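> I am attaching a structure below and will ask some questions about it afterwards.
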Amino acid sequence: MVTTWEPTAAGVLRLPSGRLVRGRGLRHPLPVGPEPGFALYLLGKEPPAVSWEARWVRWPDFRLPSDRAAAGEALREAWERAAGERVEVACGGGVGRTGTALACLAVLDGVPGHEAVGYVREHYAPRAVETPWQRRFVARFTP
C-alpha cells in the first residue's frame, strides 16, 4: 500500500515524477499530521532517536556532507522510498542542507543539475540551497 504525504501539507515538495518528499527544520516542532515512514537527517552531530526509521548523514551547517559517497547512497535511498512511503529530509533550519538534498533528489528524478536549485527554490523554499558550494554540489550531483 502506498502511503505518502498530502501534496498540500507544509514543506512537501512534489518532484516531477509525482513523488512527494517533506523537507523541514528540526528546530521547529514536528508538523501536525502523519509521521514519516523514513527520514534522512542532515546534521553535524547525531540526531535524537525517533520512532520511525531514520538515517543520519554527517553534514555540518553551511557545508557539504562529510562523506559524499555515503550522502549519495542515502539520497538515492530516500528517492527510491519516496515512491511509496512518507519520506522526510531535514536539517536544523530546513533550508540550506535540506534544500541541497531536495535539489539532489530532483536530479535523481530527472531535473538537470543546473536547473535543480531553481526547481527547489520555486517549489519548496525561495532561500533553499544557501551557499555557492552547495549549489555546485547539486550541479555536479550524478544520478
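By order of appearance in the C-alpha cells: chains A, B, ..., then residues from 1 within every chain, and ligands from 1 in the order shown.
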Step one, run DSSP on the backbone; step two, keep only residues of region 47-131 of chain A assigned to alpha helix (DSSP H); then write them as a PyMOL selection string.

chain A and resi 68-81+96-108+113-123

> Dump as CSV the rows for residues of region 55-102 of chain A within 10 Å of region 3-19 of chain A: closest atom pair and distance in Å with one decimal, only C-alpha atoms counted, ordered by chain and rising residue number.


residue,atom,partner,partner_atom,distance
A:Trp79,CA,A:Arg19,CA,8.1
A:Glu80,CA,A:Arg19,CA,9.2
A:Arg81,CA,A:Arg19,CA,9.3
A:Ala82,CA,A:Arg19,CA,5.8
A:Ala83,CA,A:Arg19,CA,5.5
A:Gly84,CA,A:Thr3,CA,5.8
A:Glu85,CA,A:Thr4,CA,5.0
A:Arg86,CA,A:Thr4,CA,4.4
A:Val87,CA,A:Thr4,CA,7.6
A:Glu88,CA,A:Val12,CA,8.8
A:Val89,CA,A:Gly11,CA,9.8
A:Gly94,CA,A:Gly11,CA,9.0
A:Leu102,CA,A:Leu13,CA,8.1

> Write down as an MDAnalysis selection string the residues belonging to region 7-143 of chain A that are assigned strand (DSSP E) by DSSP computed on the backbone.

chainID A and resid 12:14 20:25 38:43 53:58 87:91

> How would the residues just picked look written out with N, CA and C atoms as a CSV table (one decimal), in the first residue's frame?


chain,number,residue,atom,x,y,z
A,12,VAL,N,6.0,20.1,1.9
A,12,VAL,CA,6.0,19.0,0.9
A,12,VAL,C,6.4,19.4,-0.5
A,13,LEU,N,7.4,18.8,-1.1
A,13,LEU,CA,7.9,19.1,-2.4
A,13,LEU,C,7.4,17.9,-3.3
A,14,ARG,N,6.8,18.3,-4.4
A,14,ARG,CA,6.4,17.3,-5.4
A,14,ARG,C,7.5,17.3,-6.5
A,20,LEU,N,6.4,12.6,-3.6
A,20,LEU,CA,6.3,13.7,-2.6
A,20,LEU,C,7.3,13.4,-1.5
A,21,VAL,N,8.1,14.5,-1.1
A,21,VAL,CA,9.0,14.4,-0.1
A,21,VAL,C,8.8,15.7,0.8
A,22,ARG,N,8.9,15.5,2.1
A,22,ARG,CA,8.7,16.6,3.0
A,22,ARG,C,10.1,17.1,3.5
A,23,GLY,N,10.3,18.4,3.4
A,23,GLY,CA,11.5,19.0,4.0
A,23,GLY,C,11.1,19.8,5.2
A,24,ARG,N,12.0,19.8,6.2
A,24,ARG,CA,11.6,20.6,7.4
A,24,ARG,C,12.9,20.9,8.2
A,25,GLY,N,12.7,21.8,9.1
A,25,GLY,CA,13.8,22.2,10.0
A,25,GLY,C,13.5,21.5,11.4
A,38,PHE,N,10.1,7.2,6.8
A,38,PHE,CA,11.6,7.2,6.7
A,38,PHE,C,12.0,8.6,6.7
A,39,ALA,N,13.1,8.9,7.4
A,39,ALA,CA,13.7,10.2,7.5
A,39,ALA,C,15.2,10.2,7.2
A,40,LEU,N,15.6,11.3,6.5
A,40,LEU,CA,17.0,11.5,6.3
A,40,LEU,C,17.4,12.7,7.0
A,41,TYR,N,18.3,12.6,8.0
A,41,TYR,CA,18.7,13.8,8.8
A,41,TYR,C,20.1,14.2,8.5
A,42,LEU,N,20.2,15.5,8.2
A,42,LEU,CA,21.5,16.1,7.7
A,42,LEU,C,22.0,17.0,8.7
A,43,LEU,N,22.8,16.5,9.6
A,43,LEU,CA,23.3,17.3,10.8
A,43,LEU,C,24.8,17.0,11.1
A,53,GLU,N,11.8,5.0,11.1
A,53,GLU,CA,13.1,4.6,10.6
A,53,GLU,C,13.8,5.9,10.1
A,54,ALA,N,15.1,6.0,10.5
A,54,ALA,CA,15.8,7.2,10.1
A,54,ALA,C,17.3,6.9,9.8
A,55,ARG,N,17.8,7.7,8.9
A,55,ARG,CA,19.2,7.6,8.6
A,55,ARG,C,19.9,9.0,8.8
A,56,TRP,N,21.1,9.0,9.3
A,56,TRP,CA,21.8,10.2,9.6
A,56,TRP,C,23.0,10.3,8.6
A,57,VAL,N,23.1,11.5,8.0
A,57,VAL,CA,24.3,11.9,7.2
A,57,VAL,C,25.0,13.0,7.9
A,58,ARG,N,26.3,12.8,8.2
A,58,ARG,CA,27.0,13.9,8.9
A,58,ARG,C,27.2,15.0,7.9
A,87,VAL,N,8.5,10.2,3.1
A,87,VAL,CA,9.9,10.4,3.4
A,87,VAL,C,10.1,11.9,3.8
A,88,GLU,N,10.9,12.1,4.8
A,88,GLU,CA,11.2,13.4,5.3
A,88,GLU,C,12.7,13.6,5.2
A,89,VAL,N,13.1,14.8,4.7
A,89,VAL,CA,14.5,15.2,4.7
A,89,VAL,C,14.6,16.5,5.6
A,90,ALA,N,15.5,16.5,6.6
A,90,ALA,CA,15.6,17.6,7.5
A,90,ALA,C,17.0,17.9,8.0
A,91,CYS,N,17.2,19.2,8.2
A,91,CYS,CA,18.4,19.7,8.9
A,91,CYS,C,17.9,20.6,10.0

> Pick the closest to Trp133 (chain A) from A:Leu30, A:Val50, A:Leu64, A:Leu108: which is it, counting only C-alpha atoms?

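That would be A:Leu64, the residue with the smallest distance to Trp133 (chain A).
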
> Just want the 9 Å neighbourhood of Thr100 (chain A), counted on only C-alpha atoms, with same-chain residues fewer than 2 positions away dropped. Output as a list of chain:residue names.

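The neighbour list is A:Val95, A:Gly96, A:Arg97, A:Thr98, A:Leu102, A:Ala103, A:Cys104, A:Leu105, A:Val117, A:Val120, A:Ala128, A:Val129, A:Glu130, A:Gln134, A:Arg135, A:Phe137, A:Val138.
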
> Write out the residues from the selection above, keeping all heavy atoms, as a CSV table (one decimal), in the first residue's frame.


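Output below, filename part_28.csv:
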chain,number,residue,atom,x,y,z
A,95,VAL,N,16.5,24.7,5.4
A,95,VAL,CA,16.7,25.5,4.2
A,95,VAL,C,17.9,25.1,3.4
A,95,VAL,O,17.8,24.7,2.3
A,95,VAL,CB,16.7,27.0,4.6
A,95,VAL,CG1,16.9,27.8,3.3
A,95,VAL,CG2,15.5,27.4,5.3
A,96,GLY,N,19.1,25.2,4.0
A,96,GLY,CA,20.4,25.0,3.3
A,96,GLY,C,20.7,23.6,3.0
A,96,GLY,O,20.6,23.2,1.8
A,97,ARG,N,20.9,22.8,4.0
A,97,ARG,CA,21.2,21.4,3.7
A,97,ARG,C,20.0,20.6,3.2
A,97,ARG,O,20.1,19.8,2.3
A,97,ARG,CB,21.7,20.7,5.0
A,97,ARG,CG,23.1,21.3,5.5
A,97,ARG,CD,23.4,20.9,6.9
A,97,ARG,NE,22.6,21.7,7.8
A,97,ARG,CZ,22.7,21.6,9.2
A,97,ARG,NH1,23.6,20.7,9.7
A,97,ARG,NH2,22.0,22.3,9.9
A,98,THR,N,18.9,20.9,3.8
A,98,THR,CA,17.6,20.3,3.3
A,98,THR,C,17.4,20.6,1.9
A,98,THR,O,17.1,19.8,1.0
A,98,THR,CB,16.4,20.6,4.2
A,98,THR,OG1,16.7,20.1,5.5
A,98,THR,CG2,15.1,20.1,3.7
A,102,LEU,N,17.1,18.1,-1.2
A,102,LEU,CA,16.0,18.1,-2.1
A,102,LEU,C,16.3,18.3,-3.6
A,102,LEU,O,15.7,17.7,-4.5
A,102,LEU,CB,14.9,19.1,-1.6
A,102,LEU,CG,14.3,18.8,-0.3
A,102,LEU,CD1,13.3,19.9,0.2
A,102,LEU,CD2,13.5,17.4,-0.3
A,103,ALA,N,17.2,19.2,-3.8
A,103,ALA,CA,17.7,19.5,-5.2
A,103,ALA,C,18.4,18.3,-5.7
A,103,ALA,O,18.2,18.0,-6.9
A,103,ALA,CB,18.6,20.7,-5.2
A,104,CYS,N,19.1,17.6,-4.9
A,104,CYS,CA,19.7,16.3,-5.4
A,104,CYS,C,18.7,15.3,-5.7
A,104,CYS,O,18.8,14.5,-6.7
A,104,CYS,CB,20.7,15.8,-4.4
A,104,CYS,SG,22.2,16.8,-4.2
A,105,LEU,N,17.6,15.2,-4.9
A,105,LEU,CA,16.5,14.3,-5.2
A,105,LEU,C,15.8,14.7,-6.5
A,105,LEU,O,15.4,13.8,-7.3
A,105,LEU,CB,15.5,14.3,-4.1
A,105,LEU,CG,15.9,13.8,-2.7
A,105,LEU,CD1,14.8,13.8,-1.7
A,105,LEU,CD2,16.5,12.4,-2.8
A,117,VAL,N,18.4,23.6,-8.4
A,117,VAL,CA,18.3,24.5,-7.3
A,117,VAL,C,17.1,25.4,-7.6
A,117,VAL,O,16.3,25.7,-6.7
A,117,VAL,CB,19.6,25.4,-7.2
A,117,VAL,CG1,19.4,26.5,-6.2
A,117,VAL,CG2,20.7,24.5,-6.7
A,120,VAL,N,13.8,23.6,-6.8
A,120,VAL,CA,13.6,23.5,-5.3
A,120,VAL,C,13.2,24.9,-4.8
A,120,VAL,O,12.3,25.0,-3.9
A,120,VAL,CB,14.7,22.9,-4.6
A,120,VAL,CG1,14.6,23.0,-3.1
A,120,VAL,CG2,14.9,21.4,-5.0
A,128,ALA,N,16.2,28.2,-0.4
A,128,ALA,CA,16.8,26.8,-0.3
A,128,ALA,C,18.2,26.8,-1.0
A,128,ALA,O,18.4,27.5,-2.0
A,128,ALA,CB,15.9,25.8,-1.0
A,129,VAL,N,19.1,26.0,-0.5
A,129,VAL,CA,20.5,25.9,-1.0
A,129,VAL,C,21.2,27.2,-0.8
A,129,VAL,O,21.1,28.1,-1.7
A,129,VAL,CB,20.5,25.4,-2.5
A,129,VAL,CG1,21.9,25.0,-2.9
A,129,VAL,CG2,19.5,24.3,-2.8
A,130,GLU,N,21.8,27.3,0.3
A,130,GLU,CA,22.3,28.6,0.8
A,130,GLU,C,23.7,29.1,0.3
A,130,GLU,O,23.9,30.3,0.2
A,130,GLU,CB,22.3,28.7,2.3
A,130,GLU,CG,20.9,28.5,2.9
A,130,GLU,CD,20.9,28.4,4.4
A,130,GLU,OE1,21.7,27.6,5.0
A,130,GLU,OE2,20.2,29.2,5.0
A,134,GLN,N,27.2,24.6,-2.0
A,134,GLN,CA,26.0,23.7,-2.0
A,134,GLN,C,25.4,23.7,-3.5
A,134,GLN,O,25.0,22.7,-4.0
A,134,GLN,CB,25.0,24.1,-1.0
A,134,GLN,CG,25.4,23.8,0.4
A,134,GLN,CD,24.5,24.4,1.5
A,134,GLN,OE1,23.7,25.4,1.2
A,134,GLN,NE2,24.6,23.9,2.7
A,135,ARG,N,25.4,24.9,-4.1
A,135,ARG,CA,24.9,24.9,-5.5
A,135,ARG,C,25.8,24.1,-6.4
A,135,ARG,O,25.2,23.4,-7.3
A,135,ARG,CB,24.8,26.4,-5.9
A,135,ARG,CG,23.6,27.2,-5.3
A,135,ARG,CD,23.4,28.5,-5.9
A,135,ARG,NE,24.5,29.5,-5.8
A,135,ARG,CZ,24.7,30.2,-4.7
A,135,ARG,NH1,23.9,30.2,-3.7
A,135,ARG,NH2,25.7,31.1,-4.7
A,137,PHE,N,27.6,21.5,-5.6
A,137,PHE,CA,27.4,20.1,-5.2
A,137,PHE,C,26.1,19.6,-6.0
A,137,PHE,O,26.2,18.5,-6.5
A,137,PHE,CB,27.1,20.0,-3.7
A,137,PHE,CG,26.9,18.6,-3.2
A,137,PHE,CD1,28.0,17.7,-3.0
A,137,PHE,CD2,25.6,18.2,-2.9
A,137,PHE,CE1,27.8,16.5,-2.6
A,137,PHE,CE2,25.4,16.9,-2.4
A,137,PHE,CZ,26.5,16.0,-2.2
A,138,VAL,N,25.1,20.4,-6.0
A,138,VAL,CA,23.9,19.9,-6.7
A,138,VAL,C,24.2,19.9,-8.2
A,138,VAL,O,23.8,18.9,-8.9
A,138,VAL,CB,22.7,20.9,-6.5
A,138,VAL,CG1,21.5,20.6,-7.4
A,138,VAL,CG2,22.3,20.9,-5.0

> When you count only C-alpha atoms, which of these residues is closest to Ala125 (chain A): A:Gly99, A:Ala71, A:Gly93, A:Arg140?

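Of A:Gly99, A:Ala71, A:Gly93, A:Arg140, the one nearest Ala125 (chain A) is A:Gly99, counting only C-alpha atoms.
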
> What gap, in Å, lies between CA of His114 (chain A) and CA of Arg136 (chain A)?

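A separation of 8.8 Å between them.
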
> What does the distance between CA of Asp109 (chain A) and CA of Glu122 (chain A) come to in Å, to one decimal place?

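So the answer is 16.0 Å.
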
> Which of these residues is nearest to Leu26 (chain A), using only C-alpha atoms: A:Gly110, A:Pro60, A:Pro126, A:Pro48?

A:Pro48
